[in-house]
Structures are given as structure tokens and as C-alpha cells.
Amino acid sequence: MALIRKLSNIDVRILYLIMVIAAIYPLLRPIGLPLPISDRARDAYAAIEALQPGDLVFFGIDYSPTQEAEMWPQTLAVGHHLARRGVRIVMLNMIEGAFRYEERMRDIILAEYPEYKYGENIIALPFTAGREAAFQSVVADFKGLYTYDLAGNPVGSLPLWNEIRGASDFKMYVELADAPDWWLRPMSQVPGLQLWNGTVASGASTMAPLYQSGQMIGFIIGMVGAAEYEFLVGKPGMAAAAMDTQSMGHVLIILFVVLGNIGYQAIKADESRAKAKRAARGDV
Amino acid sequence: MSATLGIWLAAFLTLGLFSWMYKENPWFRLVEHVYVGAALGHLAVTGYQNVLDIAWKPATQQGKYLMWVPLFMGVLLFSRWSRKYMWVSRSSIGFLVGTLAAVSMTNAIRAQLLSQVAATMMPLDSINNIIFFAVTASATVYFIFTLQQKWAAPIMDLGKYGMMIAFGATFGNTVMSRISLFTGRLQFLLFEWLKLGN
């Protein structure tokens with residue numbers, strides 16, 4: 001019991017240290033724990049795989065730098081997949097700061113896929129304020145919403161822009177967002193537009209019901225979703241490399257929670273016994 | 001050179017935040033203030049650029065005179081700095097709140113309420129569907145506050161336990177999300193800053 005009492009008062013910094021070591025070790029020396037690909041990730045992959053070359057796809061990138069660890073690997077994996085399918089991509093963002101990731105992804109696609117020519121089969125649009133109201137404008141009057149692209153070129157000078165009549169020309173909306181569902185409410189009004197979402201793990205419970213109800217055709221969650229998708233597109237990257245660390249971290253937290261509860265119950269039982277003994281002796 | 005400086009600066013800031021794990025210290029507080037200041041500065045610049053691109057340029061250079069209306073309403077918001085004229089900003093705030101509420105409500109009824117209700121209408125031909133139906137129905141019963149019948153108590157309990165499991169799942173996902181962020185920073189420190197491994 002003395003050991004349990006000592007452990008229950010352990011300096012929290014020791015726990016932090018254990019967590020840091022458990023996280024760093026697998027990054028430097030990968031353990032290679034297996035990563036089963038979930039049906040959800042396979043369905044998400046299949047939905048994009050079903051797109052035909054030339055299909056118009058919205059590629060929304062709506063996350064701030066604080067969510068980069070989870071969302072950028074998703075963006076890379078999904079961006080590569082879209083480019084491989086040869087779809088026409090219109091990139092847009094509705095969150096302050098997300099344009100940096102839009103720029104990076106646009107440049108990667110243009111550098112690695114020679115068949116992509118800016119303005120002909122890929123466009124990157126600038127940030128638009130208003131969040132849900134801005135998405136509502138995409139639905140109501142997409143062409144009227146933008147005057148310039150992300151680089152400051154007049155959108156009228158881009159051939160792809162002139163081929164588009166409105167949001168209903170698009171086959172799919174791929175939205176990589178840090179949780180909120182305000183994009184889905186307006187975008188689900190566009191007839192025939194398939195909705196596809198990648199989100200952070202903490203936002204999964206908000207979005208999962210919308211996937212289960214069939215409102216979204218594809219759905220991936222957090223770094224795990226990114227890692228699964230990296231494997232599916234055959235480009236294991238940062239997310240896949242982080243999976244050992246992720247698993248070790250979870251195992252440690254489960255261990256701490258279990259041990260903490262065992263200790264708490266043991267101390268409680270010991271105190272009850274001591275109290276009963278004192279009562280029996282008439283000390284109370 | 002600038003990239004290297006950026007990496008060293010990012011490493012300094014990251015380690016400053018991690019230093020809180022040891023104890024609260026001036027390095028952590030400095031980084032905390034830099035973070036808040038930088039985020040607000042970024043927001044201010046983005047906001048300024050937005051006003052310029054979305055309203056000012058179209059209003060002054062493209063003859064879109066309707067843009068003067070949001071510009072004027074935006075200016076009214078600054079009256080909040082004066083106690084005497086604070087009331088002037090209320091019309092702009094009312095417009096903002098009203099518009100957003102209207103857009104959200106109309107969209108939410110269709111996209112979330114009706115679609116979610118429709119999704120619960122499923123054949124009870126599998127364990128998953130039965131659990132789904134039972135938990136949805138009982139969780140809804142839990143929120144009928146005027147129902148104080150004894151017979152309803154077990155149904156409410158089922159709903160309560162269903163919700164507790166959902167809260168647990170949400171918390172689990174949040175833990176996963178936080179570990180992902182921690183891992184991302186460690187990857188940065190180890191591979192981009194210290195250049196260990198690949």
C-alpha cells in the first residue's frame with residue numbers, strides 16, 4: 001500500500017518524461033507496428049478512385065497551422081490521389097491562414113504532375129471571409145464570388161474558370177477541415193455533388209454521424225486517416241511514420257488511466273478498512 | 001538562410017512551449033504572448049486584405065457601388081470604442097447575427113436535422129441497427145424533462161449510458177488529436193531542426 005500511495009503522489013513531470021521518451025523512441029527507431037486499413041478509409045479511397053479524368057472537383061483546404069500535424073499529411077495524400085485521377089481541380093479556402101497549405105499543394109501538383117497546367121486543369125482561389133455565408137455564396141453564385149485567383153490573376157483570364165458555369169458543374173467536394181460542419185450545410189444543397197471530408201480526430205464525433213447517414217461519400221479522421229490514405233495511395237509519409245508513436249502514446253495513456261484508477265480504488269478501500277477498524281475500536 | 005532562421009525560430013518557440021511541462025517559466029510566457037500576438041496580427045492583416053479585395057477595390061475601381069453598404073456598416077462597428085456612440089454599431093451587429101443565423105438555420109434544418117432523423121429510420125435487421133435505434137430513441141427520451149414516470153427510468157438510463165459512451169469516444173478522439181499534434185512537433189524537432197534520421 002505504501003508503494004501505491006507513493007505512486008499516487010508521483011511528480012507529474014515524471015509522467016511527461018515517460019511520455020516524451022515513448023514518443024521519441026519510435027520516431028528514431030521505428031517499431032513497425034501493423035496498421036490495418038479501415039473500411040472507412042477504403043471507402044473514401046474508392047470514392048475518389050471512381051472519379052473520371054476531367055471531372056470537376058472542389059478541393060477545400062480549411063485548417064489553421066495549429067492543425068498542420070494531422071491535416072497536412074491528409075492534404076498531401078488526397079492531393080496526390082486527385083492529381084493521379086486526372087480530375088480538374090478548383091482549390092479554395094475559407095479559413096484565415098489556410099491559403100499557405102493551398103499554395104503548397106498547388107505547387108506540388110504542378111511540379112510533380114506535368115499534365116497539370118495552371119489555369120487549364122487546376123485553379124487555386126483565395127481566402128473568402130464569411131465561413132458558412134461564404135459557402136452559401138459558392139452554392140448560390142460561385143462565379144460571382146471570385147474576381148481574382150490566389151496569385152492575384154483575374155479569374156476571367158483562366159481557361160478553366162471560363163468553362164465553369166456554377167457549383168452544380170462539380171462532381172465532388174473534397175473538404176479537408178479542422179472539424180466544423182459549416183461547409184457541409186450549404187454544400188449539401190448542390191444537387192448531385194458528392195461530399196468527401198477529412199478532419200482532425202477531435203472533430204470526428206461531429207462529422208461521423210453525417211458520414212453514417214450517407215450525406216458524405218468519404219471520410220477520413222486525423223493522423224490515422226492520413227496514414228491509412230498514404231498507404232492506399234502508395235506514398236507512405238509523415239503520418240505513416242508517426243503511427244508507432246501514436247500507438248505508444250495511446251498505450252501509455254491507457255496504462256496511466258488504468259493504474260490511476262486501480263490506485264484510487266485501492267486507497268479508497270484501504271481508508272474504508274481503516275475507518276471500520278477505528279469504529280470497531282471505538283476511536284471515532 | 002531565411003529557411004534556417006525560420007526553423008531555429010520555430011524550434012525555439014516549440015521548446016519554449018514544451019518547457020511548461022517542467023514548470024511555468026518566463027520562456028513559456030514569452031512564447032505564449034508571441035503566439036497570441038502573432039495570431040492576432042495575422043488576423044488583422046488578413047482582415048485588412050479582405051476588406052481591400054472584397055469590398056474596397058470593387059467599390060472604388062470596378063463600379064460595384066453596392067459594396068459601399070457593407071463598407072459603411074463595417075465602419076459603424078468601430079463606434080463601439082465610444083461609450084456615447086456605441087449604439088450605432090448595433091445595427092451592423094444585428095445584421096451580422098441575423099444573416100448568419102438565417103443562413104445556418106435554414107441549412108441546418110435540411111442538412112442536419114431532417115437528414116439525421118431520416119438516417120435513423122432503418123430496418124431493425126442487424127445488431128448494429130438495433131443498438132443505433134435503441135440508443136437514439138432512449139437518448140431522446142432522456143431529454144423529455146416533463147416525463148417523470150417510473151417506467152421511463154430504464155429507458156432514460158439507457159440513453160444516459162449511450163451518451164456517456166459517446167462522450168468517452170469524443171474524449172478518446174481528442175486525446176488522439178493532441179498526441180498527433182505532439183508527434184508533429186517532435187517530427188519537426190527531430191527531423192527538420194536536428195536532422196536526425198529522415
# chains A, B, ... in the order shown; residues from 1 in each chain; ligands from 1
>>> interface_residues(of="chain A", to="chain B", cutoff="7 Å", atoms="only C-alpha atoms", output="VMD selection string")
chain A and resid 13 16 28 69 to 70 96 133 185 to 186 188 200 to 202 205 213 222 to 223 242 246 249
>>> residues_around(residues="Trp56 (chain B)", least_positions_apart="5", cutoff="10 Å", atoms="only C-alpha atoms", output="PyMOL selection string")
chain B and resi 49-51+61-62+64-65+67-68+70-71
>>> write_last_selection(atoms="N, CA and C atoms", output="PDB file, in the first residue's frame")
ATOM      1  N   GLN B  49      -6.703  42.872 -45.728  1.00  0.00           N
ATOM      2  CA  GLN B  49      -6.597  42.460 -47.129  1.00  0.00           C
ATOM      3  C   GLN B  49      -7.963  42.075 -47.692  1.00  0.00           C
ATOM      4  N   ASN B  50      -8.776  41.442 -46.839  1.00  0.00           N
ATOM      5  CA  ASN B  50     -10.128  41.049 -47.251  1.00  0.00           C
ATOM      6  C   ASN B  50     -10.975  42.259 -47.596  1.00  0.00           C
ATOM      7  N   VAL B  51     -10.938  43.232 -46.695  1.00  0.00           N
ATOM      8  CA  VAL B  51     -11.743  44.441 -46.925  1.00  0.00           C
ATOM      9  C   VAL B  51     -11.294  45.102 -48.227  1.00  0.00           C
ATOM     10  N   GLN B  61     -12.920  50.784 -57.759  1.00  0.00           N
ATOM     11  CA  GLN B  61     -12.305  50.609 -59.085  1.00  0.00           C
ATOM     12  C   GLN B  61     -13.196  49.918 -60.109  1.00  0.00           C
ATOM     13  N   GLN B  62     -14.184  49.150 -59.619  1.00  0.00           N
ATOM     14  CA  GLN B  62     -14.981  48.370 -60.577  1.00  0.00           C
ATOM     15  C   GLN B  62     -16.429  48.848 -60.653  1.00  0.00           C
ATOM     16  N   LYS B  64     -18.730  48.762 -58.454  1.00  0.00           N
ATOM     17  CA  LYS B  64     -19.733  47.984 -57.705  1.00  0.00           C
ATOM     18  C   LYS B  64     -20.153  48.814 -56.485  1.00  0.00           C
ATOM     19  N   TYR B  65     -21.088  49.733 -56.715  1.00  0.00           N
ATOM     20  CA  TYR B  65     -21.453  50.708 -55.675  1.00  0.00           C
ATOM     21  C   TYR B  65     -22.167  50.072 -54.486  1.00  0.00           C
ATOM     22  N   MET B  67     -21.189  47.737 -52.831  1.00  0.00           N
ATOM     23  CA  MET B  67     -20.174  47.390 -51.825  1.00  0.00           C
ATOM     24  C   MET B  67     -19.988  48.489 -50.779  1.00  0.00           C
ATOM     25  N   TRP B  68     -20.471  49.711 -51.078  1.00  0.00           N
ATOM     26  CA  TRP B  68     -20.364  50.776 -50.088  1.00  0.00           C
ATOM     27  C   TRP B  68     -21.233  50.476 -48.865  1.00  0.00           C
ATOM     28  N   PRO B  70     -21.814  47.374 -47.209  1.00  0.00           N
ATOM     29  CA  PRO B  70     -21.057  46.656 -46.165  1.00  0.00           C
ATOM     30  C   PRO B  70     -19.877  47.463 -45.638  1.00  0.00           C
ATOM     31  N   LEU B  71     -19.260  48.269 -46.502  1.00  0.00           N
ATOM     32  CA  LEU B  71     -18.135  49.096 -46.029  1.00  0.00           C
ATOM     33  C   LEU B  71     -18.610  50.077 -44.956  1.00  0.00           C
TER      34      LEU B  71
END
>>> select_by_dssp(residues="region 135-269 of chain A", states="strand (DSSP E or B)", output="PyMOL selection string")
chain A and resi 148+154+172-177+194-199+218-221
>>> residues_around(residues="Ala46 (chain A)", least_positions_apart="5", cutoff="12 Å", atoms="only C-alpha atoms", output="CSV table (one decimal) with N, CA and C atoms, in the first residue's frame")
chain,number,residue,atom,x,y,z
A,39,ASP,N,-12.2,0.1,-43.1
A,39,ASP,CA,-13.2,0.1,-44.3
A,39,ASP,C,-13.5,1.5,-44.6
A,40,ARG,N,-13.6,2.4,-43.6
A,40,ARG,CA,-13.9,3.8,-43.9
A,40,ARG,C,-12.9,4.4,-44.8
A,41,ALA,N,-11.6,4.2,-44.5
A,41,ALA,CA,-10.6,4.7,-45.4
A,41,ALA,C,-10.6,4.1,-46.8
A,51,LEU,N,-13.8,8.6,-59.6
A,51,LEU,CA,-13.8,9.9,-60.4
A,51,LEU,C,-13.2,9.6,-61.7
A,78,VAL,N,-4.3,13.0,-50.2
A,78,VAL,CA,-5.5,13.2,-51.0
A,78,VAL,C,-5.2,14.0,-52.3
A,81,HIS,N,-3.7,11.8,-54.8
A,81,HIS,CA,-4.7,10.9,-55.4
A,81,HIS,C,-5.6,11.6,-56.4
A,82,LEU,N,-6.0,12.8,-56.1
A,82,LEU,CA,-6.8,13.6,-57.0
A,82,LEU,C,-6.0,13.9,-58.3
A,85,ARG,N,-5.8,10.9,-60.6
A,85,ARG,CA,-7.1,10.6,-61.3
A,85,ARG,C,-7.3,11.5,-62.5
A,196,TRP,N,-17.1,14.8,-49.5
A,196,TRP,CA,-16.0,14.0,-49.0
A,196,TRP,C,-15.2,14.8,-48.0
A,217,ILE,N,-19.7,10.9,-48.8
A,217,ILE,CA,-19.3,9.6,-49.5
A,217,ILE,C,-18.0,9.1,-49.0
A,218,GLY,N,-17.2,10.0,-48.5
A,218,GLY,CA,-15.9,9.6,-48.0
A,218,GLY,C,-15.5,10.3,-46.7
A,219,PHE,N,-14.8,9.7,-45.8
A,219,PHE,CA,-14.5,10.3,-44.5
A,219,PHE,C,-13.2,9.7,-43.9
A,229,TYR,N,-4.5,6.6,-45.6
A,229,TYR,CA,-4.6,7.1,-47.0
A,229,TYR,C,-3.2,7.1,-47.7
A,232,LEU,N,-2.8,3.7,-48.9
A,232,LEU,CA,-3.7,3.4,-50.0
A,232,LEU,C,-3.2,4.0,-51.3
A,233,VAL,N,-2.6,5.2,-51.3
A,233,VAL,CA,-2.1,5.8,-52.5
A,233,VAL,C,-0.7,5.4,-52.8
>>> atom_distance(atom1="CA of Asp181 (chain A)", atom2="CA of Glu68 (chain A)")
18.6 Å
>>> decode(residues="region 227-252 of chain A", atoms="N, CA, C and O atoms", output="short mmCIF file (atom, residue, chain, number, x, y, z; two decimals), in the first residue's frame")
data_model
loop_
_atom_site.label_atom_id
_atom_site.label_comp_id
_atom_site.auth_asym_id
_atom_site.auth_seq_id
_atom_site.Cartn_x
_atom_site.Cartn_y
_atom_site.Cartn_z
N ALA A 227 -2.50 8.40 -42.42
CA ALA A 227 -1.57 7.28 -42.59
C ALA A 227 -2.20 6.18 -43.45
O ALA A 227 -1.56 5.64 -44.36
N GLU A 228 -3.46 5.88 -43.16
CA GLU A 228 -4.16 4.87 -43.96
C GLU A 228 -4.20 5.29 -45.42
O GLU A 228 -3.96 4.49 -46.33
N TYR A 229 -4.49 6.57 -45.63
CA TYR A 229 -4.60 7.07 -47.00
C TYR A 229 -3.25 7.07 -47.71
O TYR A 229 -3.16 6.79 -48.90
N GLU A 230 -2.20 7.39 -46.94
CA GLU A 230 -0.85 7.34 -47.53
C GLU A 230 -0.54 5.94 -48.05
O GLU A 230 0.01 5.76 -49.13
N PHE A 231 -0.92 4.92 -47.25
CA PHE A 231 -0.68 3.54 -47.69
C PHE A 231 -1.53 3.21 -48.91
O PHE A 231 -1.07 2.54 -49.83
N LEU A 232 -2.78 3.69 -48.91
CA LEU A 232 -3.68 3.37 -50.02
C LEU A 232 -3.19 3.99 -51.34
O LEU A 232 -3.33 3.39 -52.40
N VAL A 233 -2.63 5.20 -51.26
CA VAL A 233 -2.12 5.82 -52.49
C VAL A 233 -0.67 5.41 -52.78
O VAL A 233 -0.09 5.84 -53.76
N GLY A 234 -0.11 4.56 -51.91
CA GLY A 234 1.25 4.06 -52.13
C GLY A 234 2.33 5.08 -51.88
O GLY A 234 3.39 5.04 -52.51
N LYS A 235 2.06 6.04 -51.00
CA LYS A 235 3.07 7.07 -50.68
C LYS A 235 3.17 7.23 -49.17
O LYS A 235 2.76 8.27 -48.61
N PRO A 236 3.70 6.22 -48.47
CA PRO A 236 3.82 6.37 -47.00
C PRO A 236 4.68 7.59 -46.67
O PRO A 236 5.76 7.76 -47.23
N GLY A 237 4.17 8.43 -45.80
CA GLY A 237 4.87 9.69 -45.48
C GLY A 237 4.94 9.94 -43.99
O GLY A 237 5.09 9.00 -43.19
N MET A 238 4.78 11.21 -43.63
CA MET A 238 4.94 11.60 -42.22
C MET A 238 3.92 10.94 -41.30
O MET A 238 4.24 10.58 -40.17
N ALA A 239 2.68 10.82 -41.77
CA ALA A 239 1.64 10.24 -40.92
C ALA A 239 1.93 8.77 -40.66
O ALA A 239 1.82 8.29 -39.52
N ALA A 240 2.32 8.05 -41.72
CA ALA A 240 2.63 6.63 -41.55
C ALA A 240 3.80 6.46 -40.58
O ALA A 240 3.79 5.56 -39.72
N ALA A 241 4.80 7.35 -40.71
CA ALA A 241 5.97 7.27 -39.83
C ALA A 241 5.62 7.56 -38.38
O ALA A 241 6.32 7.15 -37.46
N ALA A 242 4.52 8.29 -38.17
CA ALA A 242 4.16 8.68 -36.80
C ALA A 242 3.27 7.66 -36.11
O ALA A 242 2.94 7.84 -34.93
N MET A 243 2.86 6.62 -36.83
CA MET A 243 1.88 5.70 -36.24
C MET A 243 2.40 4.93 -35.04
O MET A 243 1.65 4.62 -34.11
N ASP A 244 3.69 4.57 -35.05
CA ASP A 244 4.25 3.88 -33.88
C ASP A 244 4.16 4.77 -32.65
O ASP A 244 3.78 4.33 -31.56
N THR A 245 4.52 6.04 -32.85
CA THR A 245 4.46 7.00 -31.74
C THR A 245 3.04 7.16 -31.24
O THR A 245 2.78 7.18 -30.03
N GLN A 246 2.12 7.25 -32.19
CA GLN A 246 0.70 7.40 -31.84
C GLN A 246 0.25 6.21 -30.98
O GLN A 246 -0.37 6.38 -29.94
N SER A 247 0.60 5.01 -31.43
CA SER A 247 0.17 3.80 -30.70
C SER A 247 0.82 3.76 -29.31
O SER A 247 0.15 3.44 -28.32
N MET A 248 2.13 4.08 -29.25
CA MET A 248 2.82 4.06 -27.95
C MET A 248 2.18 5.07 -26.99
O MET A 248 1.98 4.78 -25.81
N GLY A 249 1.86 6.25 -27.52
CA GLY A 249 1.23 7.28 -26.69
C GLY A 249 -0.11 6.80 -26.14
O GLY A 249 -0.40 6.97 -24.95
N HIS A 250 -0.89 6.16 -27.00
CA HIS A 250 -2.21 5.67 -26.56
C HIS A 250 -2.06 4.57 -25.51
O HIS A 250 -2.79 4.56 -24.51
N VAL A 251 -1.13 3.65 -25.74
CA VAL A 251 -0.91 2.55 -24.79
C VAL A 251 -0.53 3.13 -23.43
O VAL A 251 -1.05 2.72 -22.39
N LEU A 252 0.37 4.13 -23.46
CA LEU A 252 0.81 4.74 -22.19
C LEU A 252 -0.36 5.42 -21.47
O LEU A 252 -0.51 5.26 -20.26
#
